[in-house]
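One file, upload07.csv, is given below (CSV, C-alpha atoms and all ligand atoms).
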```csv
chain,number,residue,atom,x,y,z
A,9,MET,CA,0.0,0.0,0.0
A,10,SER,CA,1.6,3.2,-1.0
A,11,ALA,CA,2.0,6.1,1.4
A,12,THR,CA,-1.2,8.1,2.0
A,13,PHE,CA,0.3,11.2,3.7
A,14,THR,CA,1.3,14.3,1.7
A,15,THR,CA,2.3,16.6,4.6
A,16,LEU,CA,4.2,16.3,7.9
A,17,ALA,CA,0.9,16.8,9.8
A,18,GLU,CA,-0.6,13.9,7.9
A,19,PHE,CA,2.4,11.8,8.6
A,20,ARG,CA,2.1,12.5,12.3
A,21,THR,CA,-1.6,11.3,12.1
A,22,VAL,CA,-0.4,8.1,10.5
A,23,LEU,CA,2.0,7.5,13.4
A,24,GLU,CA,-0.8,8.2,15.9
A,25,SER,CA,-3.1,5.6,14.4
A,26,ALA,CA,-0.4,2.9,14.2
A,27,PRO,CA,-1.4,-0.7,15.2
A,28,SER,CA,-0.1,-2.4,18.4
A,29,ALA,CA,1.2,-5.9,18.9
A,30,ASP,CA,-1.3,-8.7,19.3
A,31,PRO,CA,-1.9,-9.5,23.0
A,32,THR,CA,-3.3,-13.0,22.2
A,33,ALA,CA,-0.1,-13.9,20.3
A,34,ILE,CA,2.0,-12.5,23.1
A,35,ALA,CA,0.1,-14.6,25.7
A,36,GLY,CA,0.3,-17.7,23.6
A,37,ALA,CA,4.0,-17.3,22.9
A,38,THR,CA,4.7,-16.6,26.6
A,39,ASP,CA,2.9,-19.8,27.5
A,40,ARG,CA,4.7,-21.8,24.9
A,41,ASN,CA,8.1,-20.4,26.0
A,42,GLY,CA,7.3,-21.7,29.5
A,43,GLN,CA,6.8,-25.2,28.2
A,44,LEU,CA,10.0,-25.6,26.0
A,45,THR,CA,12.7,-28.1,27.0
A,46,LYS,CA,15.1,-25.8,28.8
A,47,PRO,CA,15.4,-24.4,32.3
A,48,PRO,CA,13.2,-21.3,32.7
A,49,GLY,CA,15.0,-18.3,31.3
A,50,ALA,CA,17.9,-20.3,30.1
A,51,LEU,CA,17.8,-18.7,26.6
A,52,GLY,CA,18.1,-15.3,28.2
A,53,ARG,CA,17.2,-12.4,26.0
A,54,LEU,CA,16.3,-14.7,23.1
A,55,GLU,CA,13.2,-15.6,25.0
A,56,ASP,CA,12.0,-12.0,25.2
A,57,LEU,CA,12.9,-11.4,21.6
A,58,ALA,CA,10.9,-14.4,20.3
A,59,ILE,CA,7.8,-13.3,22.3
A,60,TRP,CA,8.2,-9.7,21.1
A,61,TYR,CA,8.5,-11.0,17.5
A,62,ALA,CA,5.5,-13.3,17.9
A,63,GLY,CA,3.4,-10.4,19.2
A,64,TRP,CA,4.1,-8.2,16.1
A,65,ARG,CA,3.6,-11.1,13.7
A,66,GLY,CA,0.3,-12.1,15.4
A,67,THR,CA,1.1,-15.8,15.9
A,68,ASP,CA,2.5,-17.7,18.9
A,69,ARG,CA,4.8,-19.8,16.7
A,70,PRO,CA,6.3,-17.5,14.1
A,71,THR,CA,9.0,-18.0,11.5
A,72,ILE,CA,11.4,-15.6,9.7
A,73,LYS,CA,11.4,-16.4,6.0
A,74,ALA,CA,11.5,-13.1,4.3
A,75,PRO,CA,13.9,-10.5,5.8
A,76,GLN,CA,14.3,-7.3,3.8
A,77,VAL,CA,17.3,-5.0,4.0
A,78,ILE,CA,16.9,-1.5,2.5
A,79,VAL,CA,19.8,0.9,2.1
A,80,PHE,CA,18.8,4.5,1.5
A,81,ALA,CA,21.4,6.9,0.1
A,82,GLY,CA,21.4,10.7,0.3
A,83,SER,CA,23.6,13.7,-0.4
A,84,HIS,CA,24.3,16.4,2.2
A,85,GLY,CA,25.0,20.1,1.5
A,86,VAL,CA,26.7,20.3,4.9
A,87,CYS,CA,29.6,18.4,3.4
A,88,ALA,CA,30.7,21.9,2.1
A,89,GLN,CA,31.8,22.6,5.7
A,90,GLY,CA,34.4,19.9,5.7
A,91,VAL,CA,32.7,17.5,8.1
A,92,SER,CA,33.7,14.1,6.7
A,93,ALA,CA,37.0,12.3,6.2
A,94,PHE,CA,35.8,11.3,2.7
A,95,PRO,CA,34.6,13.4,-0.3
A,96,PRO,CA,30.8,13.5,-1.1
A,97,GLU,CA,31.2,11.6,-4.4
A,98,VAL,CA,31.8,8.5,-2.3
A,99,THR,CA,28.1,8.3,-1.8
A,100,ALA,CA,27.2,7.6,-5.4
A,101,GLN,CA,30.3,5.4,-5.8
A,102,MET,CA,29.2,3.3,-2.9
A,103,VAL,CA,25.6,3.0,-4.4
A,104,ALA,CA,27.2,1.5,-7.5
A,105,ASN,CA,29.2,-0.8,-5.2
A,106,PHE,CA,25.9,-1.9,-3.5
A,107,GLU,CA,24.4,-2.5,-6.9
A,108,HIS,CA,27.4,-4.7,-7.9
A,109,GLY,CA,27.3,-6.7,-4.6
A,110,GLY,CA,30.6,-5.4,-3.3
A,111,ALA,CA,29.8,-3.7,0.0
A,112,ALA,CA,29.7,-5.2,3.5
A,113,ILE,CA,25.9,-5.0,3.6
A,114,ASN,CA,25.7,-7.1,0.4
A,115,GLN,CA,27.7,-10.0,2.1
A,116,LEU,CA,25.6,-9.9,5.3
A,117,SER,CA,22.3,-9.7,3.5
A,118,LYS,CA,23.2,-12.7,1.4
A,119,LEU,CA,24.4,-14.6,4.5
A,120,TYR,CA,21.1,-14.2,6.4
A,121,GLY,CA,18.9,-14.8,3.4
A,122,ALA,CA,17.6,-11.2,3.2
A,123,LYS,CA,16.4,-9.5,0.0
A,124,MET,CA,18.5,-6.3,-0.3
A,125,ASP,CA,17.1,-3.1,-2.0
A,126,VAL,CA,19.0,0.1,-2.6
A,127,HIS,CA,17.2,3.5,-3.0
A,128,ALA,CA,19.3,6.5,-4.0
A,129,LEU,CA,17.4,9.7,-3.2
A,130,GLU,CA,18.3,12.6,-5.5
A,131,LEU,CA,22.1,12.2,-5.1
A,132,ASP,CA,22.6,14.9,-7.7
A,133,ASN,CA,20.5,17.3,-5.7
A,134,PRO,CA,22.1,17.6,-2.2
A,135,THR,CA,20.1,18.9,0.7
A,136,ALA,CA,20.8,22.5,1.7
A,137,ASP,CA,23.7,23.1,4.1
A,138,PHE,CA,21.9,23.3,7.4
A,139,THR,CA,24.2,26.0,8.7
A,140,VAL,CA,22.7,28.3,6.0
A,141,ALA,CA,19.1,27.1,5.4
A,142,PRO,CA,16.8,24.2,6.4
A,143,ALA,CA,18.2,21.0,4.8
A,144,MET,CA,14.8,20.3,3.2
A,145,THR,CA,11.5,22.0,2.4
A,146,GLU,CA,8.4,20.3,3.7
A,147,ALA,CA,7.7,18.9,0.2
A,148,GLU,CA,11.3,17.4,0.1
A,149,VAL,CA,11.2,15.8,3.5
A,150,VAL,CA,7.7,14.4,2.8
A,151,SER,CA,8.9,13.0,-0.6
A,152,ALA,CA,11.8,11.2,1.2
A,153,LEU,CA,9.5,9.9,3.9
A,154,ARG,CA,7.2,8.5,1.1
A,155,THR,CA,10.1,6.9,-0.7
A,156,GLY,CA,11.0,5.1,2.5
A,157,TRP,CA,7.4,4.1,3.1
A,158,ASP,CA,7.0,2.7,-0.4
A,159,ALA,CA,10.3,0.8,-0.3
A,160,VAL,CA,9.0,-1.6,2.4
A,161,ASP,CA,7.8,-4.9,1.0
A,162,PRO,CA,4.4,-5.6,2.8
A,163,ASN,CA,5.2,-9.3,2.6
A,164,ALA,CA,8.6,-9.0,4.4
A,165,ASP,CA,8.6,-10.5,7.9
A,166,LEU,CA,11.6,-8.5,9.2
A,167,LEU,CA,13.1,-5.2,8.2
A,168,VAL,CA,16.6,-3.7,8.4
A,169,THR,CA,17.1,-0.1,7.4
A,170,GLY,CA,20.5,1.0,6.4
A,171,GLU,CA,22.0,4.2,5.0
A,172,MET,CA,24.8,5.7,2.9
A,173,GLY,CA,25.5,9.4,2.8
A,174,ILE,CA,28.8,11.1,3.3
A,175,GLY,CA,28.3,13.8,6.0
A,176,ASN,CA,25.3,12.0,7.6
A,177,THR,CA,26.9,11.5,11.0
A,178,THR,CA,26.8,15.3,11.2
A,179,SER,CA,23.1,15.4,10.3
A,180,ALA,CA,22.4,12.6,12.8
A,181,ALA,CA,24.3,14.4,15.6
A,182,ALA,CA,22.3,17.6,14.9
A,183,VAL,CA,19.0,15.8,14.8
A,184,ALA,CA,19.8,13.9,18.0
A,185,ALA,CA,20.8,17.0,19.8
A,186,ALA,CA,17.7,18.9,18.6
A,187,ILE,CA,15.3,16.2,19.8
A,188,MET,CA,17.0,15.0,22.9
A,189,GLY,CA,18.6,18.3,24.2
A,190,GLY,CA,22.2,18.8,25.3
A,191,THR,CA,25.1,20.3,23.6
A,192,ALA,CA,26.6,19.7,20.1
A,193,THR,CA,29.8,18.4,21.8
A,194,GLU,CA,27.8,15.6,23.6
A,195,TRP,CA,26.3,14.4,20.3
A,196,THR,CA,29.0,14.8,17.8
A,197,GLY,CA,31.4,12.0,16.9
A,198,ARG,CA,34.2,11.1,14.4
A,199,GLY,CA,32.0,9.4,11.7
A,200,THR,CA,34.3,8.0,9.0
A,201,GLY,CA,37.3,9.1,11.2
A,202,VAL,CA,37.8,12.9,11.2
A,203,ASP,CA,40.9,14.1,13.1
A,204,ASP,CA,40.7,16.4,16.1
A,205,ALA,CA,40.5,19.6,14.0
A,206,GLY,CA,37.7,17.9,11.9
A,207,LEU,CA,35.8,17.0,15.1
A,208,ALA,CA,36.0,20.6,16.3
A,209,ARG,CA,34.8,21.8,12.9
A,210,LYS,CA,31.9,19.3,12.9
A,211,THR,CA,30.9,20.2,16.5
A,212,ASP,CA,30.8,23.8,15.5
A,213,VAL,CA,28.7,23.0,12.5
A,214,VAL,CA,26.2,21.1,14.6
A,215,ALA,CA,26.0,24.0,17.1
A,216,ARG,CA,25.4,26.5,14.4
A,217,GLY,CA,22.6,24.3,12.9
A,218,LEU,CA,21.0,24.1,16.3
A,219,ALA,CA,21.2,27.8,16.8
A,220,LEU,CA,19.8,28.6,13.3
A,221,HIS,CA,16.6,26.5,13.3
A,222,ASP,CA,13.5,26.3,15.4
A,223,VAL,CA,13.5,22.5,16.0
A,224,SER,CA,11.1,22.2,18.9
A,225,ASP,CA,9.1,19.7,16.8
A,226,PRO,CA,11.0,16.5,16.1
A,227,LEU,CA,9.8,16.2,12.5
A,228,GLU,CA,10.9,19.8,11.9
A,229,ALA,CA,14.3,18.7,13.3
A,230,LEU,CA,14.3,15.9,10.7
A,231,ARG,CA,13.4,18.4,8.0
A,232,CYS,CA,15.9,21.2,9.0
A,233,LEU,CA,18.9,19.2,10.1
A,234,GLY,CA,18.4,15.7,8.7
A,235,GLY,CA,18.8,14.3,5.2
A,236,ARG,CA,16.8,12.4,2.6
A,237,GLU,CA,18.1,9.0,3.7
A,238,LEU,CA,17.3,9.7,7.3
A,239,ALA,CA,13.8,10.7,6.4
A,240,ALA,CA,13.4,7.6,4.2
A,241,ILE,CA,14.5,5.5,7.1
A,242,ALA,CA,11.8,7.1,9.3
A,243,GLY,CA,9.2,6.5,6.6
A,244,ALA,CA,10.2,2.9,6.2
A,245,ILE,CA,10.0,2.3,10.0
A,246,ALA,CA,6.6,3.8,10.1
A,247,ALA,CA,5.4,1.7,7.1
A,248,ALA,CA,6.7,-1.5,8.8
A,249,ARG,CA,4.6,-0.7,11.8
A,250,THR,CA,1.4,-0.5,9.8
A,251,TYR,CA,2.3,-4.0,8.3
A,252,ARG,CA,3.4,-5.3,11.7
A,253,ILE,CA,6.9,-6.0,10.4
A,254,PRO,CA,9.4,-6.0,13.2
A,255,VAL,CA,12.5,-3.7,12.5
A,256,ILE,CA,16.1,-4.0,13.6
A,257,LEU,CA,17.7,-0.6,14.0
A,258,ASP,CA,21.3,-0.1,12.9
A,259,GLY,CA,23.8,2.5,14.1
A,260,PHE,CA,23.9,6.1,15.1
A,261,ILE,CA,22.4,7.5,11.9
A,262,CYS,CA,19.5,5.0,11.7
A,263,THR,CA,18.8,5.5,15.4
A,264,ALA,CA,18.7,9.3,15.1
A,265,ALA,CA,16.2,9.0,12.2
A,266,ALA,CA,14.1,6.5,14.2
A,267,ALA,CA,14.2,8.6,17.4
A,268,THR,CA,12.3,11.4,15.6
A,269,LEU,CA,9.4,9.0,15.4
A,270,ALA,CA,9.6,8.1,19.1
A,271,LYS,CA,9.7,11.8,20.0
A,272,THR,CA,6.7,12.5,17.8
A,273,VAL,CA,4.5,9.7,19.2
A,274,SER,CA,5.4,7.7,22.3
A,275,GLY,CA,5.6,4.0,21.5
A,276,ALA,CA,6.3,4.6,17.8
A,277,LEU,CA,9.4,2.3,18.1
A,278,ASP,CA,7.8,-0.5,20.0
A,279,HIS,CA,8.1,-2.8,16.9
A,280,THR,CA,11.9,-2.2,16.8
A,281,VAL,CA,14.9,-3.5,18.5
A,282,ALA,CA,18.4,-2.1,18.5
A,283,GLY,CA,20.7,-4.4,16.5
A,284,HIS,CA,24.0,-3.2,17.8
A,285,LEU,CA,26.0,-0.5,19.7
A,286,SER,CA,28.0,1.5,17.2
A,287,ALA,CA,31.4,2.9,18.1
A,288,GLU,CA,30.1,6.3,17.1
A,289,GLY,CA,30.5,8.2,20.4
A,290,ALA,CA,26.9,9.2,21.2
A,291,HIS,CA,25.1,6.0,20.1
A,292,ARG,CA,24.8,4.7,23.7
A,293,LYS,CA,23.3,8.0,24.8
A,294,LEU,CA,20.8,7.9,22.0
A,295,LEU,CA,19.8,4.3,22.7
A,296,ASP,CA,19.4,5.1,26.4
A,297,ALA,CA,17.2,8.0,25.4
A,298,ILE,CA,14.9,5.7,23.4
A,299,GLU,CA,15.2,2.9,26.0
A,300,LYS,CA,16.7,0.3,23.7
A,301,GLU,CA,19.4,-2.2,24.8
A,302,PRO,CA,21.6,-3.2,21.8
A,303,LEU,CA,21.8,-6.9,20.9
A,304,LEU,CA,25.4,-6.8,19.7
A,305,GLN,CA,28.5,-4.7,20.6
A,306,LEU,CA,31.2,-5.4,18.1
A,307,GLY,CA,32.9,-2.0,17.6
A,308,LEU,CA,31.3,-1.5,14.2
A,309,ARG,CA,31.1,2.1,12.9
A,310,LEU,CA,30.1,1.4,9.3
A,311,GLY,CA,26.4,2.0,8.9
A,312,GLU,CA,24.8,0.6,5.7
A,313,GLY,CA,22.6,-1.5,8.0
A,314,SER,CA,25.6,-3.8,8.8
A,315,GLY,CA,25.2,-4.1,12.6
A,316,ALA,CA,21.4,-4.6,12.2
A,317,ALA,CA,22.0,-7.2,9.5
A,318,LEU,CA,24.3,-9.2,11.9
A,319,ALA,CA,21.5,-9.1,14.4
A,320,ILE,CA,19.1,-10.8,12.0
A,321,GLY,CA,21.1,-13.9,12.9
A,322,VAL,CA,20.3,-13.4,16.6
A,323,LEU,CA,16.6,-12.9,15.9
A,324,GLN,CA,16.5,-15.9,13.6
A,325,GLY,CA,18.1,-17.9,16.4
A,326,ALA,CA,15.6,-16.7,18.9
A,327,VAL,CA,12.6,-17.5,16.7
A,328,ALA,CA,14.0,-20.9,15.5
A,329,CYS,CA,14.4,-22.0,19.1
A,330,HIS,CA,11.0,-20.7,20.2
A,331,SER,CA,9.0,-22.2,17.3
A,332,GLY,CA,11.0,-25.3,16.7
A,333,MET,CA,11.9,-26.7,20.1
A,334,ALA,CA,9.9,-29.5,21.7
A,335,THR,CA,7.9,-29.0,24.9
A,336,PHE,CA,8.6,-31.0,28.0
A,337,ALA,CA,5.4,-33.0,27.3
A,338,GLU,CA,6.2,-33.6,23.6
A,339,ALA,CA,9.8,-34.8,24.3
A,340,GLY,CA,9.0,-36.8,27.5
A,341,VAL,CA,11.5,-34.7,29.5
A,342,ALA,CA,10.9,-34.5,33.2
A,343,GLY,CA,10.2,-30.9,34.6
A,344,ALA,CA,11.8,-29.4,37.6
A,401,LIG,C1,33.8,3.8,1.7
A,401,LIG,C2,32.7,4.1,2.7
A,401,LIG,C3,31.7,3.2,2.9
A,401,LIG,C4,30.7,3.5,3.8
A,401,LIG,N1,29.6,2.8,4.2
A,401,LIG,C5,29.0,3.4,5.1
A,401,LIG,N2,29.6,4.6,5.4
A,401,LIG,C6,29.2,5.5,6.5
A,401,LIG,O1,30.0,6.7,6.5
A,401,LIG,C7,29.2,7.8,6.3
A,401,LIG,C8,29.1,8.7,7.5
A,401,LIG,O2,30.3,9.2,7.9
A,401,LIG,P1,30.6,10.7,7.8
A,401,LIG,O3,29.6,11.5,8.4
A,401,LIG,O4,32.0,10.9,8.5
A,401,LIG,O5,30.8,11.0,6.3
A,401,LIG,C9,27.9,7.3,5.8
A,401,LIG,O6,27.8,7.2,4.5
A,401,LIG,C10,27.8,6.0,6.5
A,401,LIG,O7,26.9,5.1,6.0
A,401,LIG,C11,30.7,4.6,4.6
A,401,LIG,C12,31.8,5.5,4.4
A,401,LIG,C13,32.8,5.3,3.5
A,401,LIG,C14,33.9,6.3,3.3
A,402,LIG,O1,26.8,4.3,13.7
A,402,LIG,C1,26.9,4.3,12.5
A,402,LIG,O2,25.9,3.8,11.8
A,402,LIG,C2,28.0,4.9,11.7
A,402,LIG,C3,29.1,5.5,12.4
A,402,LIG,C4,30.1,6.0,11.7
A,402,LIG,C5,30.1,6.1,10.3
A,402,LIG,N1,29.0,5.6,9.7
A,402,LIG,C6,28.0,5.0,10.4
```
Please express what this file holds, its structure, as structure tokens.
Ligand SMILES: Cc1cc2ncn([C@H]3O[C@H](COP(=O)(O)O)[C@@H](O)[C@H]3O)c2cc1C
Ligand SMILES: O=C(O)c1cccnc1
Amino acid sequence: MSATFTTLAEFRTVLESAPSADPTAIAGATDRNGQLTKPPGALGRLEDLAIWYAGWRGTDRPTIKAPQVIVFAGSHGVCAQGVSAFPPEVTAQMVANFEHGGAAINQLSKLYGAKMDVHALELDNPTADFTVAPAMTEAEVVSALRTGWDAVDPNADLLVTGEMGIGNTTSAAAVAAAIMGGTATEWTGRGTGVDDAGLARKTDVVARGLALHDVSDPLEALRCLGGRELAAIAGAIAAARTYRIPVILDGFICTAAAATLAKTVSGALDHTVAGHLSAEGAHRKLLDAIEKEPLLQLGLRLGEGSGAALAIGVLQGAVACHSGMATFAEAGVAGA
């Protein structure tokens, strides 16, 4: 079903009317979990994950057969301020690399049996430099939200949203600071690996962006400080909610985009889990703010959806055990 909203106000209404998890499936899965051939709680967080997944899929014995990974790419006018260790043309070059199967996310998607789609959003038309003007007009941010929404396959049973956009850790830091409060210093990290002078420049850029725009509304923060790929991620996560497709969040950029939804409507990220803790400095702080505990901590700082894709394996493990294991009664195993 293609996106129905044409303004930010309409998008907010869509978020407000989003469905919840199925309480019957949650109760059934909780009951089943208690009967499986293991000591109670012995599968740790996998047990909560399986029950959470069951609730969103509306069945007490779910399977994961059709994961979808979507990588959204965007170009950032703020690159003119010298905020990345890499030149902006790397974004389009990496999109070509995704299309030829050569990036990290291609290998991980293949490994976990996920369909991978790539959506490049107007790479030849960068967003405005947010130290000078709002990154996007309302029409532009809504268009990117709609691209994200329409990219989600309604028949997928798990979604990973990834991104590519040189300069986007600057946008993500600015969005995070705007919606969560605090200083530019607290939210700005090294991204692709800027040196100390680069980090100071980047922090100043974030501070100037925060000073320039009225971002008391989280979706306005996304518009004024974000980028097309961040908005597309937000749109995709919102679409997944309407289809009851669980989502695994990736690193700092993906989480900043997602957090704009949680700040708009409380509970808007209930169908999501945090795939991993990125090495980007403020990711922990951002995950704490949205009350998500990451599944993995591997020191990744890549983006593309890579950390979330690795966590597909964890979720597949949780669901395989939950739905495939025998109960004590079935296996004739004595209880405690
Ligand atoms: C070759 C290459 C591949 C990448 N894949 C993801 N990113 C990551 O780095 C970028 C963000 O860092 P910054 O804000 O410092 O530019 C994003 O494109 C992100 O996805 C990459 C970056 C590079 C250079
Ligand atoms: O956390 C991320 O996703 C990230 C961090 C640094 C660079 N690119 C992505």
Contacts of stretch 147-226 of chain A with stretch 233-238 of chain A up to 10 Å, shortest pair per row, only C-alpha atoms, as CSV:
```
residue,atom,partner,partner_atom,distance
A:Glu148,CA,A:Arg236,CA,7.8
A:Val149,CA,A:Arg236,CA,6.6
A:Val150,CA,A:Arg236,CA,9.3
A:Ser151,CA,A:Arg236,CA,8.5
A:Ala152,CA,A:Arg236,CA,5.3
A:Leu153,CA,A:Arg236,CA,7.8
A:Thr155,CA,A:Arg236,CA,9.3
A:Gly156,CA,A:Glu237,CA,8.2
A:Thr169,CA,A:Leu238,CA,9.8
A:Gly170,CA,A:Glu237,CA,8.8
A:Glu171,CA,A:Glu237,CA,6.3
A:Met172,CA,A:Glu237,CA,7.5
A:Gly173,CA,A:Glu237,CA,7.5
A:Gly175,CA,A:Gly235,CA,9.5
A:Asn176,CA,A:Gly235,CA,7.3
A:Thr177,CA,A:Gly234,CA,9.8
A:Thr178,CA,A:Gly234,CA,8.8
A:Ser179,CA,A:Gly234,CA,5.0
A:Ala180,CA,A:Gly234,CA,6.5
A:Ala181,CA,A:Leu233,CA,9.1
A:Ala182,CA,A:Leu233,CA,6.1
A:Val183,CA,A:Leu233,CA,5.8
A:Ala184,CA,A:Leu233,CA,9.6
A:Ala186,CA,A:Leu233,CA,8.6
A:Val214,CA,A:Leu233,CA,8.8
A:Gly217,CA,A:Leu233,CA,6.9
A:Leu218,CA,A:Leu233,CA,8.2
A:Leu220,CA,A:Leu233,CA,10.0
A:His221,CA,A:Leu233,CA,8.3
A:Val223,CA,A:Leu233,CA,8.7
```
message: Around ligand LIG 402 (chain A), out to 6 Å and counting all atoms listed in the file, which residues are there? I want them as an NGL selection string.
response: :A and (199-200 or 259-261 or 286 or 288 or 309-311)
- prompt: Hey, can you check how far atom CA of A:Ile174 sits from atom CA of A:Glu312?
  reply: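 Separating atom CA of A:Ile174 from atom CA of A:Glu312 is a distance of 11.5 Å.
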task: Please return, as a list in words, all polymer residues that have at least one atom within 6 Å of the point (9.3, -6.2, 10.6); use all atoms listed in the file and the file's own coordinate frame.
output: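 Answer for this query, in the requested form: Asp165, Leu166, Leu167, Ala248, Ile253, Pro254 and Val255 of chain A.
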Okay, now the selection with C-alpha atoms, as an mmCIF file, in the frame of the given file?
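File part.cif, as written:
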```cif
data_model
loop_
_atom_site.group_PDB
_atom_site.id
_atom_site.type_symbol
_atom_site.label_atom_id
_atom_site.label_comp_id
_atom_site.auth_asym_id
_atom_site.auth_seq_id
_atom_site.Cartn_x
_atom_site.Cartn_y
_atom_site.Cartn_z
ATOM 1 C CA ASP A 165 8.600 -10.500 7.900
ATOM 2 C CA LEU A 166 11.600 -8.500 9.200
ATOM 3 C CA LEU A 167 13.100 -5.200 8.200
ATOM 4 C CA ALA A 248 6.700 -1.500 8.800
ATOM 5 C CA ILE A 253 6.900 -6.000 10.400
ATOM 6 C CA PRO A 254 9.400 -6.000 13.200
ATOM 7 C CA VAL A 255 12.500 -3.700 12.500
#
```
message: Show me, as number ranges by chain, the residues that have an atom within 12 Å of A:Thr71 when counting only C-alpha atoms, minus same-chain residues fewer than 6 positions from it.
response: A: 58-59, 61-62, 64-65, 164-166, 323-332
- request: Could you check how far atom CA of A:Trp60 sits from atom CA of A:Gly42, in Å to one decimal?
  value: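 Atom-to-atom, atom CA of A:Trp60 and atom CA of A:Gly42 are spaced 14.7 Å apart.
For the point (-0.8, -13.6, 18.7), the residues with an atom at a distance of at most 10 Å are A:Ala29, A:Asp30, A:Pro31, A:Thr32, A:Ala33, A:Ile34, A:Ala35, A:Gly36, A:Ala37, A:Ile59, A:Tyr61, A:Ala62, A:Gly63, A:Trp64, A:Arg65, A:Gly66, A:Thr67, A:Asp68, A:Arg69, A:Pro70, counting all atoms listed in the file.
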message: List as a list in words the protein and nucleic acid residues near stretch 210-213 of chain A, meaning an atom at most 10 Å away when all atoms listed in the file are counted, but skip any in the same chain fewer than 5 places from it.
response: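 After dropping sequence-adjacent residues, the list is Val86, Cys87, Gln89, Gly90, Val91, Ser92, Asp137, Phe138, Thr139, Gly175, Thr177, Thr178, Ser179, Ala181, Ala182, Thr191, Ala192, Thr193, Glu194, Trp195, Thr196, Gly197, Arg198, Gly199, Val202, Asp204, Ala205, Leu218 and Ala219 of chain A.
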message: Under the rule that only C-alpha atoms and all ligand atoms are counted, which of A:Met144, A:Leu207, A:Leu304, A:Ala11 is the nearest residue to ligand LIG 401 (chain A)?
response: A:Leu207
query: Near A:Ala317, counting all atoms listed in the file, which residues have an atom at most 10 Å away, once you skip same-chain residues fewer than 3 positions from it, shown as a PyMOL selection string?
result: chain A and resi 75-77+112-120+122+167-170+256-258+283-284+312-314+320-322
- request: Check the smallest atom-to-atom distance from each of A:Ala316, A:Ala270, A:Val79, A:Glu299 to A:Leu285 using only C-alpha atoms, then report the winner.
  value: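 Of A:Ala316, A:Ala270, A:Val79, A:Glu299, the one nearest A:Leu285 is A:Ala316, counting only C-alpha atoms.
Each of A:Ala287, A:Leu295, A:Ala93, A:Ala185 was compared to ligand LIG 401 (chain A) using all atoms listed in the file, and A:Ala93 turns out to be the nearest.
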field: Nearby residues (all atoms listed in the file) at most 6 Å from stretch 125-132 of chain A, same-chain spacing under 3 positions excluded, as a list in words
entry: Ile78, Val79, Phe80, Ala81, Gly82 and Ser83 of chain A
For the residues in that selection, give me C-alpha atoms as a compact mmCIF listing (two decimals), in the coordinates of the input.
```txt
# COMPACT_ATOMS: atom_id res chain seq x y z
CA ILE A 78 16.90 -1.50 2.50
CA VAL A 79 19.80 0.90 2.10
CA PHE A 80 18.80 4.50 1.50
CA ALA A 81 21.40 6.90 0.10
CA GLY A 82 21.40 10.70 0.30
CA SER A 83 23.60 13.70 -0.40
```
task: Determine, counting all atoms listed in the file, which protein, DNA and RNA residues have an atom within 12 Å of an atom of A:Gln43; residues of the same chain fewer than 4 positions away are not included. Present the result as an MDAnalysis selection string.
output: chainID A and resid 36:39 47:49 55 330:331 333:344
task: Kindly give the distance, in Å, that separates atom CA of A:Pro162 and atom CA of A:Met9, rounded to a single decimal.
output: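 Taking atom CA of A:Pro162 as the start and atom CA of A:Met9 as the end point, the length is 7.7 Å.
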I'd like a table as CSV: residues in stretch 264-298 of chain A with an atom no more than 12 Å from stretch 13-26 of chain A, each row giving the shortest atom pair and its distance in Å to one decimal, all atoms listed in the file counted, sorted by chain and rising residue number.
```
residue,atom,partner,partner_atom,distance
A:Thr268,CA,A:Arg20,CA,10.8
A:Leu269,CA,A:Leu23,CA,7.8
A:Ala270,CA,A:Leu23,CA,9.5
A:Lys271,CA,A:Arg20,CA,10.8
A:Thr272,CA,A:Arg20,CA,7.2
A:Val273,CA,A:Glu24,CA,6.4
A:Ser274,CA,A:Glu24,CA,8.9
A:Gly275,CA,A:Glu24,CA,9.5
A:Ala276,CA,A:Leu23,CA,6.8
A:Leu277,CA,A:Leu23,CA,10.2
A:Asp278,CA,A:Ala26,CA,10.6
A:His279,CA,A:Ala26,CA,10.6
```
Option closest in space to ligand LIG 401 (chain A), from A:His84, A:Arg231, A:Lys73, A:Arg216 [counting all atoms listed in the file]: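 Of A:His84, A:Arg231, A:Lys73, A:Arg216, the one nearest ligand LIG 401 (chain A), counting all atoms listed in the file, is A:His84.
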query: Which of these, A:Met124, A:Phe94, A:Leu230, A:Gly110, has the shortest distance to ligand LIG 401 (chain A) once you count only C-alpha atoms and all ligand atoms?
result: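 Nearest to ligand LIG 401 (chain A): A:Phe94.
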